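Novice: Structure: coords.txt, compact mmCIF, C-alpha atoms.
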```
# COMPACT_ATOMS: atom_id res chain seq x y z
CA MET H 1 124.85 96.52 141.45
CA THR H 2 124.41 98.90 138.50
CA ALA H 3 121.85 98.29 135.73
CA SER H 4 124.59 97.30 133.25
CA GLN H 5 126.19 94.90 135.80
CA ASP H 6 122.81 93.37 136.50
CA PHE H 7 122.33 93.12 132.74
CA LEU H 8 125.74 91.35 132.42
CA SER H 9 124.71 88.72 134.96
CA SER H 10 121.62 87.93 132.86
CA LEU H 11 123.55 87.32 129.64
CA THR H 12 124.69 84.05 128.09
CA LEU H 13 128.42 83.96 127.39
CA LEU H 14 130.15 81.37 125.22
CA TYR H 15 133.74 80.78 126.40
CA VAL H 16 136.03 78.83 124.02
CA GLU H 17 139.50 77.72 125.28
CA ASP H 18 141.50 74.58 124.49
CA ASP H 19 143.96 74.82 127.43
CA PRO H 20 142.28 72.98 130.37
CA ASP H 21 144.23 74.81 133.10
CA ILE H 22 143.40 78.25 131.71
CA ARG H 23 139.83 77.18 131.06
CA VAL H 24 139.24 76.04 134.67
CA HIS H 25 140.76 79.22 136.09
CA MET H 26 138.84 81.61 133.80
CA VAL H 27 135.53 79.77 134.15
CA LYS H 28 135.77 80.11 137.92
CA PHE H 29 136.38 83.84 137.54
CA LEU H 30 133.70 84.49 134.86
CA SER H 31 131.02 82.46 136.64
CA ARG H 32 131.06 84.94 139.54
CA ARG H 33 129.68 87.64 137.25
CA ILE H 34 127.83 85.73 134.54
CA ARG H 35 125.00 83.42 135.48
CA ASN H 36 124.76 81.50 132.20
CA LEU H 37 128.24 80.42 131.06
CA VAL H 38 128.64 77.91 128.20
CA ILE H 39 132.05 76.29 127.64
CA ALA H 40 133.67 74.81 124.52
CA GLU H 41 137.13 73.24 124.11
CA ASN H 42 137.86 74.19 120.47
CA GLY H 43 136.59 76.29 117.60
CA ARG H 44 134.44 73.61 115.99
CA GLN H 45 132.76 72.79 119.30
CA GLY H 46 132.38 76.50 119.97
CA LEU H 47 130.63 77.03 116.62
CA GLU H 48 128.26 74.15 117.34
CA GLN H 49 127.42 75.68 120.73
CA PHE H 50 126.93 79.07 119.12
CA HIS H 51 124.30 77.67 116.72
CA ALA H 52 122.66 75.70 119.54
CA ILE H 53 122.33 78.43 122.20
CA ASN H 54 122.69 81.75 120.31
CA PRO H 55 124.79 83.45 123.07
CA ASP H 56 124.92 87.18 123.77
CA ILE H 57 128.77 87.42 123.91
CA VAL H 58 131.57 85.17 122.64
CA VAL H 59 135.03 84.97 124.30
CA THR H 60 137.56 82.80 122.45
CA ASP H 61 141.22 81.89 122.22
CA ILE H 62 142.77 82.17 118.75
CA MET H 63 145.17 79.20 118.54
CA MET H 64 143.08 76.03 118.94
CA PRO H 65 142.90 72.59 117.31
CA GLU H 66 140.32 71.58 114.66
CA MET H 67 139.23 75.19 114.08
CA ASP H 68 141.03 78.29 115.32
CA GLY H 69 139.28 81.19 117.00
CA LEU H 70 139.36 83.50 113.99
CA MET H 71 137.86 80.88 111.68
CA MET H 72 135.09 80.36 114.24
CA ALA H 73 134.65 84.14 114.52
CA LYS H 74 134.31 84.41 110.72
CA ALA H 75 131.59 81.74 110.70
CA ILE H 76 129.79 83.62 113.50
CA ARG H 77 130.10 86.92 111.65
CA ASP H 78 128.59 85.33 108.54
CA LYS H 79 125.45 84.75 110.60
CA SER H 80 125.49 87.84 112.83
CA ARG H 81 127.29 91.17 112.54
CA ASP H 82 126.05 92.37 115.93
CA ILE H 83 127.15 89.80 118.50
CA PRO H 84 130.23 91.02 120.47
CA ILE H 85 133.36 88.82 120.10
CA VAL H 86 136.38 89.06 122.44
CA VAL H 87 139.57 87.20 121.38
CA MET H 88 142.49 86.15 123.62
CA THR H 89 145.92 85.28 122.24
CA ALA H 90 149.58 85.09 123.15
CA HIS H 91 150.49 86.13 119.61
CA ASN H 92 151.23 89.69 118.61
CA ASP H 93 151.66 88.97 114.90
CA ASP H 94 150.30 91.78 112.70
CA GLU H 95 148.49 89.22 110.56
CA TYR H 96 146.28 88.22 113.48
CA PHE H 97 145.43 91.83 114.26
CA ILE H 98 144.55 92.57 110.62
CA ARG H 99 142.35 89.47 110.39
CA SER H 100 140.70 90.46 113.66
CA ILE H 101 139.95 93.95 112.37
CA ASP H 102 138.57 92.57 109.11
CA LEU H 103 136.25 90.27 111.06
CA GLY H 104 135.01 93.11 113.27
CA ILE H 105 136.37 91.69 116.53
CA ASP H 106 135.14 93.92 119.36
CA ARG H 107 137.88 93.39 121.98
CA TYR H 108 141.41 91.94 122.02
CA VAL H 109 143.02 90.59 125.24
CA LEU H 110 146.63 89.39 125.34
CA LYS H 111 147.79 86.21 127.09
CA PRO H 112 148.70 85.41 129.74
CA THR H 113 145.29 86.82 130.48
CA ASN H 114 144.73 88.94 133.52
CA PRO H 115 141.16 88.05 134.61
CA ARG H 116 140.52 91.69 135.47
CA PHE H 117 141.37 92.78 131.90
CA LEU H 118 139.12 90.07 130.47
CA ILE H 119 136.15 90.98 132.64
CA GLU H 120 136.66 94.66 131.72
CA ALA H 121 136.51 93.73 128.03
CA VAL H 122 133.36 91.66 128.62
CA GLU H 123 131.78 94.48 130.65
CA LYS H 124 132.48 96.96 127.83
CA CYS H 125 130.73 94.61 125.41
CA ALA H 126 127.83 94.20 127.85
CA GLN H 127 127.49 97.97 128.23
CA LEU H 128 127.28 98.35 124.45
CA LEU H 129 124.70 95.55 124.26
CA PHE H 130 122.74 97.15 127.11
CA SER H 131 122.75 100.52 125.35
CA ASN H 132 121.74 99.01 121.99
CA ARG H 133 118.93 96.99 123.53
CA GLN H 134 117.64 100.05 125.38
CA LYS H 135 117.60 101.91 122.05
CA GLU H 136 115.91 98.98 120.34
CA GLU H 137 113.32 98.82 123.12
CA ALA H 138 112.69 102.55 122.76
CA ASN H 139 112.44 102.17 118.99
CA ARG H 140 110.05 99.25 119.40
CA TYR H 141 107.87 101.38 121.68
CA VAL H 142 107.93 104.24 119.17
CA ARG H 143 106.98 101.84 116.36
CA PHE H 144 104.18 100.50 118.56
CA LEU H 145 102.84 104.04 119.02
CA LEU H 146 103.15 104.79 115.31
CA ASP H 147 101.41 101.56 114.35
CA ALA H 148 98.57 102.33 116.76
CA GLN H 149 97.81 105.57 114.88
CA PRO H 150 94.94 105.50 112.35
CA ASN H 151 96.66 108.14 110.20
CA LEU H 152 99.22 107.10 107.60
CA LEU H 153 102.71 107.93 108.94
CA MET H 154 106.04 107.95 107.12
CA VAL H 155 109.49 108.73 108.56
CA ILE H 156 112.12 109.98 106.10
CA THR H 157 115.76 110.05 107.26
CA ALA H 158 118.52 111.41 105.02
CA GLY H 159 116.14 111.30 102.05
CA CYS H 160 115.23 107.62 102.47
CA VAL H 161 112.14 105.97 103.92
CA GLU H 162 113.13 104.77 107.38
CA TYR H 163 109.69 103.68 108.51
CA VAL H 164 106.04 103.58 107.47
CA ASN H 165 103.41 102.55 109.99
CA GLN H 166 100.98 99.66 109.70
CA ALA H 167 98.13 101.89 108.48
CA PHE H 168 100.34 103.05 105.59
CA LEU H 169 101.35 99.46 104.75
CA ASP H 170 97.71 98.34 104.83
CA PHE H 171 96.63 101.19 102.55
CA LEU H 172 99.34 100.41 100.01
CA GLY H 173 98.90 96.65 100.28
CA PHE H 174 102.37 95.75 101.63
CA SER H 175 103.07 93.07 104.22
CA SER H 176 106.11 94.77 105.82
CA ILE H 177 108.53 97.70 105.56
CA ASP H 178 110.97 95.38 103.78
CA HIS H 179 108.28 94.53 101.21
CA PHE H 180 107.60 98.26 100.84
CA ASN H 181 111.28 99.04 100.21
CA GLU H 182 111.57 96.23 97.67
CA VAL H 183 108.73 97.62 95.54
CA VAL H 184 108.81 101.39 96.14
CA ARG H 185 112.07 102.87 94.89
CA ASN H 186 111.04 106.45 95.59
CA ALA H 187 108.24 107.46 97.98
CA GLY H 188 107.57 110.55 95.84
CA ASP H 189 106.24 108.25 93.10
CA LEU H 190 103.21 107.53 95.33
CA MET H 191 102.21 111.19 95.74
CA PHE H 192 100.16 113.41 93.44
CA ASN H 193 98.81 116.95 93.58
CA ALA H 194 95.22 118.07 93.16
CA GLN H 195 95.68 118.22 89.37
CA GLY H 196 96.66 114.54 89.30
CA ASN H 197 100.32 115.25 88.51
CA ASN H 198 103.03 113.24 90.26
CA ILE H 199 104.99 115.53 92.59
CA ASN H 200 108.22 113.63 91.86
CA GLU H 201 108.40 114.66 88.21
CA GLU H 202 111.39 116.92 88.85
CA GLY H 203 112.96 114.66 91.51
CA TYR H 204 112.75 117.21 94.34
CA TRP H 205 109.56 116.03 96.06
CA LEU H 206 111.04 116.00 99.58
CA ASP H 207 112.39 119.56 99.27
CA GLN H 208 109.02 120.67 97.92
CA LEU H 209 107.02 119.13 100.76
CA ILE H 210 109.35 120.53 103.43
CA GLY H 211 109.98 123.90 101.80
CA THR H 212 106.41 124.76 100.79
CA PRO H 213 104.08 122.69 103.00
CA GLU H 214 101.17 125.08 102.40
CA LYS H 215 101.34 124.25 98.68
CA PHE H 216 100.82 120.57 99.42
CA ALA H 217 98.19 120.80 102.15
CA ILE H 218 96.25 118.18 100.18
CA ILE H 219 98.17 115.21 98.75
CA TYR H 220 96.75 112.34 96.74
CA LEU H 221 98.32 108.92 97.41
CA LYS H 222 98.10 106.09 94.90
CA ASN H 223 96.93 102.74 96.18
CA GLN H 224 99.27 100.16 94.61
CA GLN H 225 96.51 97.59 94.10
CA SER H 226 93.55 99.66 92.91
CA GLU H 227 95.66 102.42 91.26
CA GLN H 228 93.11 104.82 92.78
CA LEU H 229 94.18 108.29 93.97
CA VAL H 230 92.94 108.99 97.49
CA PRO H 231 93.01 112.50 99.05
CA PHE H 232 94.89 113.13 102.32
CA ALA H 233 95.58 116.21 104.41
CA LEU H 234 99.36 116.40 104.92
CA LYS H 235 101.09 117.48 108.14
CA THR H 236 104.89 117.69 108.36
CA ASN H 237 107.20 117.66 111.41
CA SER H 238 110.99 117.87 111.06
CA LEU H 239 114.15 117.38 113.11
CA PRO H 240 116.64 119.30 110.93
CA GLU H 241 119.67 118.38 113.05
CA GLN H 242 118.94 114.68 112.39
CA ASN H 243 117.78 115.24 108.80
CA ARG H 244 114.62 113.38 109.80
CA HIS H 245 111.04 114.19 108.82
CA LEU H 246 107.69 112.78 109.90
CA PHE H 247 104.82 113.00 107.42
CA SER H 248 101.28 112.40 108.63
CA PHE H 249 98.58 111.73 106.02
CA ILE H 250 94.99 112.16 107.25
CA ASP H 251 92.35 110.54 105.05
CA ILE H 252 89.86 113.20 103.91
CA THR H 253 87.97 111.08 101.40
CA HIS H 254 84.68 111.72 103.20
CA ILE H 255 85.38 115.47 103.19
CA GLU H 256 86.15 115.40 99.47
CA ASN H 257 82.97 113.44 98.81
CA GLU H 258 80.92 115.88 100.86
CA LYS H 259 82.57 118.76 99.01
CA ARG H 260 81.67 117.23 95.64
CA GLN H 261 78.11 116.62 96.81
CA LEU H 262 77.82 120.24 97.93
CA GLU H 263 79.28 121.46 94.65
CA THR H 264 76.82 119.25 92.77
CA GLN H 265 73.95 120.61 94.81
CA ALA H 266 75.15 124.19 94.37
CA PHE H 267 75.53 123.95 90.59
CA THR H 268 72.76 121.51 89.63
CA ASP H 269 69.14 122.30 89.05
CA ALA H 270 67.32 120.29 91.70
CA LEU H 271 64.27 119.51 89.53
CA THR H 272 65.79 118.57 86.17
CA GLY H 273 69.33 117.47 87.11
CA VAL H 274 71.01 119.68 84.50
CA CYS H 275 73.32 122.65 85.26
CA ASN H 276 71.71 125.61 86.94
CA ARG H 277 72.21 129.22 85.94
CA ALA H 278 75.08 129.79 88.42
CA ARG H 279 77.07 126.92 86.92
CA LEU H 280 76.13 127.99 83.40
CA GLN H 281 77.60 131.43 83.99
CA GLY H 282 81.04 129.91 84.73
CA VAL H 283 80.80 127.53 81.75
CA LEU H 284 79.94 130.37 79.37
CA GLU H 285 82.81 132.54 80.61
CA ALA H 286 85.32 129.68 80.34
CA GLU H 287 84.21 128.62 76.84
CA LEU H 288 84.13 132.17 75.52
CA HIS H 289 87.60 132.81 76.94
CA ARG H 290 88.94 129.63 75.32
CA ALA H 291 87.25 130.45 71.99
CA ARG H 292 88.78 133.95 71.89
CA ARG H 293 92.23 132.79 72.98
CA HIS H 294 92.53 129.97 70.44
CA ASN H 295 90.27 131.43 67.72
CA LEU H 296 87.74 128.61 68.09
CA SER H 297 84.01 128.55 67.60
CA VAL H 298 81.42 128.08 70.34
CA SER H 299 77.66 127.99 69.83
CA VAL H 300 74.69 128.47 72.12
CA ILE H 301 71.14 127.16 71.67
CA LEU H 302 68.44 128.86 73.73
CA GLY H 303 64.95 127.39 73.75
CA ASP H 304 61.80 127.41 75.82
CA ILE H 305 58.58 125.42 76.08
CA ASP H 306 55.65 127.07 74.28
CA HIS H 307 52.49 127.70 76.32
CA PHE H 308 54.04 126.27 79.45
CA LYS H 309 51.84 128.42 81.69
CA LYS H 310 48.77 126.82 80.13
CA ILE H 311 50.13 123.36 81.05
CA ASN H 312 50.51 124.40 84.70
CA ASP H 313 47.08 126.06 84.77
CA THR H 314 45.32 123.11 83.12
CA TYR H 315 47.07 120.06 84.60
CA GLY H 316 48.74 121.44 87.72
CA HIS H 317 52.33 122.14 88.69
CA GLN H 318 53.17 118.46 89.28
CA VAL H 319 52.52 117.69 85.63
CA GLY H 320 54.40 120.87 84.70
CA ASP H 321 57.42 119.59 86.67
CA ASP H 322 57.21 116.24 84.85
CA VAL H 323 57.25 118.08 81.52
CA LEU H 324 60.34 120.06 82.53
CA LYS H 325 62.16 116.88 83.60
CA LYS H 326 61.23 115.08 80.36
CA PHE H 327 62.31 118.11 78.31
CA ALA H 328 65.71 118.24 80.06
CA LYS H 329 66.14 114.47 79.62
CA ILE H 330 65.61 114.70 75.86
CA LEU H 331 68.20 117.49 75.63
CA ARG H 332 70.74 115.61 77.76
CA GLU H 333 70.46 112.35 75.85
CA ASN H 334 70.74 113.88 72.39
CA VAL H 335 73.73 116.22 72.58
CA ARG H 336 77.45 115.44 72.49
CA ILE H 337 79.30 114.52 75.66
CA GLU H 338 81.19 117.81 75.57
CA ASP H 339 77.99 119.89 75.24
CA ILE H 340 76.57 121.48 78.39
CA VAL H 341 72.81 121.50 79.07
CA ALA H 342 71.53 124.04 81.59
CA ARG H 343 68.26 125.42 82.87
CA TRP H 344 68.28 129.13 82.07
CA GLY H 345 64.99 130.12 83.65
CA GLY H 346 61.54 128.70 84.48
CA GLU H 347 60.88 126.86 81.20
CA GLU H 348 63.95 128.12 79.34
CA PHE H 349 66.94 125.87 78.64
CA MET H 350 70.33 126.46 77.06
CA VAL H 351 72.83 124.18 75.32
CA VAL H 352 76.45 125.38 75.15
CA SER H 353 78.17 123.59 72.25
CA PRO H 354 81.97 124.11 72.05
CA LEU H 355 83.75 123.78 68.68
CA ASN H 356 80.44 123.73 66.78
CA ASP H 357 79.94 126.17 63.91
CA VAL H 358 76.62 127.78 62.97
CA ASN H 359 75.54 125.12 60.47
CA ALA H 360 76.24 122.20 62.81
CA THR H 361 74.47 123.99 65.66
CA CYS H 362 71.40 124.73 63.53
CA LYS H 363 71.16 121.03 62.61
CA LEU H 364 71.45 120.09 66.30
CA ALA H 365 68.77 122.62 67.28
CA GLU H 366 66.39 121.29 64.60
CA LYS H 367 67.04 117.69 65.69
CA LEU H 368 66.16 118.60 69.28
CA ARG H 369 63.05 120.49 68.19
CA ARG H 370 61.74 117.50 66.21
CA LEU H 371 62.39 115.10 69.13
CA ILE H 372 60.52 117.39 71.52
CA GLU H 373 57.69 117.87 69.04
CA ARG H 374 57.18 114.10 68.84
```
Could the structure of this file be written out as structure tokens, please?

Specialist:
Amino acid sequence: MTASQDFLSSLTLLYVEDDPDIRVHMVKFLSRRIRNLVIAENGRQGLEQFHAINPDIVVTDIMMPEMDGLMMAKAIRDKSRDIPIVVMTAHNDDEYFIRSIDLGIDRYVLKPTNPRFLIEAVEKCAQLLFSNRQKEEANRYVRFLLDAQPNLLMVITAGCVEYVNQAFLDFLGFSSIDHFNEVVRNAGDLMFNAQGNNINEEGYWLDQLIGTPEKFAIIYLKNQQSEQLVPFALKTNSLPEQNRHLFSFIDITHIENEKRQLETQAFTDALTGVCNRARLQGVLEAELHRARRHNLSVSVILGDIDHFKKINDTYGHQVGDDVLKKFAKILRENVRIEDIVARWGGEEFMVVSPLNDVNATCKLAEKLRRLIER
């Protein structure tokens, strides 16, 4: 016995026939190949059985009392588009064929029915069911593997989101792929570049990701609940012949945080917490470039602590460090938010003040001097 024949014997078949002689003959024949055979004598009874047992295949006559086979088939199709339906009839009227086509009838067997032709039609339906269930089982296994992955995975087919794994749904705050598709009209709306700009602004986000993957090595995804942008490393795999693409998003939040910490350490004076000279160099170059380009003013205040060596010699370096920290704190707390405070040297500090003219900067410098004097 082949796998499909073995599969056929495991199915439940609903057989609907009002003629008792035909019914007895066909039931005897079908029961040799199908273990679970359910019988109904008319369309209404057949529909009741369908709702009660949810069969795998339906075989029905067309002309029957109370409810004909096509009316029953329509009611079945309203509930399920996938269940195979085989109709048997002695009529060859075009109207019946057209109605059958409209209903999506899978097989059509003429009466008087040759049992061999009927079982062939049923076997064809079983083979299709077997193939579809094998595909569904394979797809279920693939989805299981995707859902087991900690990375965020998204499958795009023909430009549409076919699947996102459980990790992706959890990150976005969706309960299911259906919920995702209801809310997210375009997956590109969730993605941003390092500058915080949405990559879907021009409507070609998929072409951009596939065509220039190196440009989007880092993608920021927006969490739907917190509205926070989270950094991910993006990896792309494609099956061009199927127009299908798999995007894998690897959370690099910890790497980004470590990077920021390192940048902070590299450009911050460890003792006072203000910018160090290396960072100040970049700030000065950027502000001077902007001032020249747009014909804007930029001012610089340079100051030091008088007799600082005497403080160290008299009270020790620990007290000297406390003085430096207090000095930097006064500067930081009494300049504008856009002003940059930096440690220039040992006891020398600088304030870079964009868009401030000479008079305003002199007033600021005098204000700082009086605060420090007190």

Novice: Just want the 8 Å neighbourhood of segment 41-56 of chain H, counted on all atoms listed in the file, with same-chain residues fewer than 2 positions away dropped. Output as a ChimeraX atom specification.

Specialist: /H:11-19,38-39,58,64-69,71-72,75-76,83-84

Novice: Quick one, how far is atom CA of Leu271 of chain H from atom CA of Cys362 of chain H?

Specialist: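 Taking atom CA of Leu271 of chain H as the start and atom CA of Cys362 of chain H as the end point, the length is 27.5 Å.
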
Novice: Atom CA of Ile340 of chain H to atom CA of Asp306 of chain H: how many Å, to one decimal?

Specialist: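 Taking atom CA of Ile340 of chain H as the start and atom CA of Asp306 of chain H as the end point, the length is 22.0 Å.
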
Novice: Find, counting all atoms listed in the file, the residue in H:Asn356, H:Ser297, H:Asn165, H:Ser9 that gets nearest to Val122 of chain H.

Specialist: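 The answer is H:Ser9, which sits nearest to Val122 of chain H.
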
Novice: Any idea what the distance is between atom CA of Asp322 of chain H and atom CA of Thr268 of chain H?

Specialist: 17.1 Å

Novice: With a distance cut-off of 8 Å and all atoms listed in the file, select the neighbouring residues of segment 230-235 of chain H, excluding the residue or stretch itself and same-chain residues fewer than 4 positions from it, and output the selection as an MDAnalysis selection string.

Specialist: chainID H and resid 213 216:223 247:253 256

Novice: Write out, as an mmCIF file, keeping the file's coordinate frame, the residues just selected, with C-alpha atoms.

Specialist:
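Wrote result34.cif, looks like this:
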```
data_model
loop_
_atom_site.group_PDB
_atom_site.id
_atom_site.type_symbol
_atom_site.label_atom_id
_atom_site.label_comp_id
_atom_site.auth_asym_id
_atom_site.auth_seq_id
_atom_site.Cartn_x
_atom_site.Cartn_y
_atom_site.Cartn_z
ATOM 1 C CA PRO H 213 104.080 122.690 103.000
ATOM 2 C CA PHE H 216 100.820 120.570 99.420
ATOM 3 C CA ALA H 217 98.190 120.800 102.150
ATOM 4 C CA ILE H 218 96.250 118.180 100.180
ATOM 5 C CA ILE H 219 98.170 115.210 98.750
ATOM 6 C CA TYR H 220 96.750 112.340 96.740
ATOM 7 C CA LEU H 221 98.320 108.920 97.410
ATOM 8 C CA LYS H 222 98.100 106.090 94.900
ATOM 9 C CA ASN H 223 96.930 102.740 96.180
ATOM 10 C CA PHE H 247 104.820 113.000 107.420
ATOM 11 C CA SER H 248 101.280 112.400 108.630
ATOM 12 C CA PHE H 249 98.580 111.730 106.020
ATOM 13 C CA ILE H 250 94.990 112.160 107.250
ATOM 14 C CA ASP H 251 92.350 110.540 105.050
ATOM 15 C CA ILE H 252 89.860 113.200 103.910
ATOM 16 C CA THR H 253 87.970 111.080 101.400
ATOM 17 C CA GLU H 256 86.150 115.400 99.470
#
```

Novice: Put a box with edges along x, y and z around all the listed atoms of segment 344-356 of chain H, pad it by 6 Å on each side, then give me its centre and sizes in Å, one decimal, as AutoDock Vina command-line options.

Specialist:
```
--center_x 72.3 --center_y 126.9 --center_z 75.6 --size_x 34.9 --size_y 18.5 --size_z 29.7
```

Novice: Hey, which of H:Leu70, H:Val86, H:Asn114, H:Gln225 ends up closest to Phe174 of chain H? Count all atoms listed in the file.

Specialist: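 Of the candidates, the smallest distance to Phe174 of chain H is held by H:Gln225.
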
Novice: Ranking H:Leu110, H:Asn312, H:Ile119, H:Ile62 by minimum distance to Ile34 of chain H and counting all atoms listed in the file, which one comes first?

Specialist: H:Ile119

Novice: Using only C-alpha atoms, which protein or nucleic acid residues come within 7 Å of Met88 of chain H? Drop anything in the same chain fewer than 4 positions from it, and give the result as an NGL selection string.

Specialist: :H and (60-62 or 108-111)

Novice: Between H:Ala328, H:Leu284, H:Val87, H:Leu209, which one has atoms that come closest to Ile372 of chain H, using all atoms listed in the file?

Specialist: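 With all atoms listed in the file as the atom set, the closest residue is H:Ala328.
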
Novice: Given the choices H:Ile301, H:Ile85, H:Leu288, H:Leu371, which gets closest to Lys124 of chain H if the distance is worked out from only C-alpha atoms?

Specialist: H:Ile85

Novice: Within 12 Å of (64.7, 116.0, 67.6), in the coordinates the file gives, what residues turn up when you count all atoms listed in the file, written out as a PyMOL selection string?

Specialist: chain H and resi 327+330-335+362-374

Novice: Compare H:Thr212, H:Gln265, H:Ser80, H:Ser131 by their minimum atom-to-atom distance to Ala278 of chain H, counting only C-alpha atoms, and give me the closest one.

Specialist: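 Closest to Ala278 of chain H of all the choices is H:Gln265.
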
Novice: Show me, as a list in words, the residues that have an atom within 12 Å of Val319 of chain H when counting all atoms listed in the file, minus same-chain residues fewer than 6 positions from it.

Specialist: Phe308, Lys309, Lys310, Ile311, Asn312, Asp313, Lys325 and Lys326 of chain H

Novice: Might you pull out every residue within 9 Å of Val161 of chain H, with all atoms listed in the file counted and same-chain residues fewer than 5 positions away left off, and present them as an mmCIF file with C-alpha atoms, in the coordinates of the input?

Specialist:
```cif
data_model
loop_
_atom_site.group_PDB
_atom_site.id
_atom_site.type_symbol
_atom_site.label_atom_id
_atom_site.label_comp_id
_atom_site.auth_asym_id
_atom_site.auth_seq_id
_atom_site.Cartn_x
_atom_site.Cartn_y
_atom_site.Cartn_z
ATOM 1 C CA MET H 154 106.040 107.950 107.120
ATOM 2 C CA VAL H 155 109.490 108.730 108.560
ATOM 3 C CA ILE H 156 112.120 109.980 106.100
ATOM 4 C CA ASN H 181 111.280 99.040 100.210
ATOM 5 C CA ASN H 186 111.040 106.450 95.590
ATOM 6 C CA ALA H 187 108.240 107.460 97.980
#
```
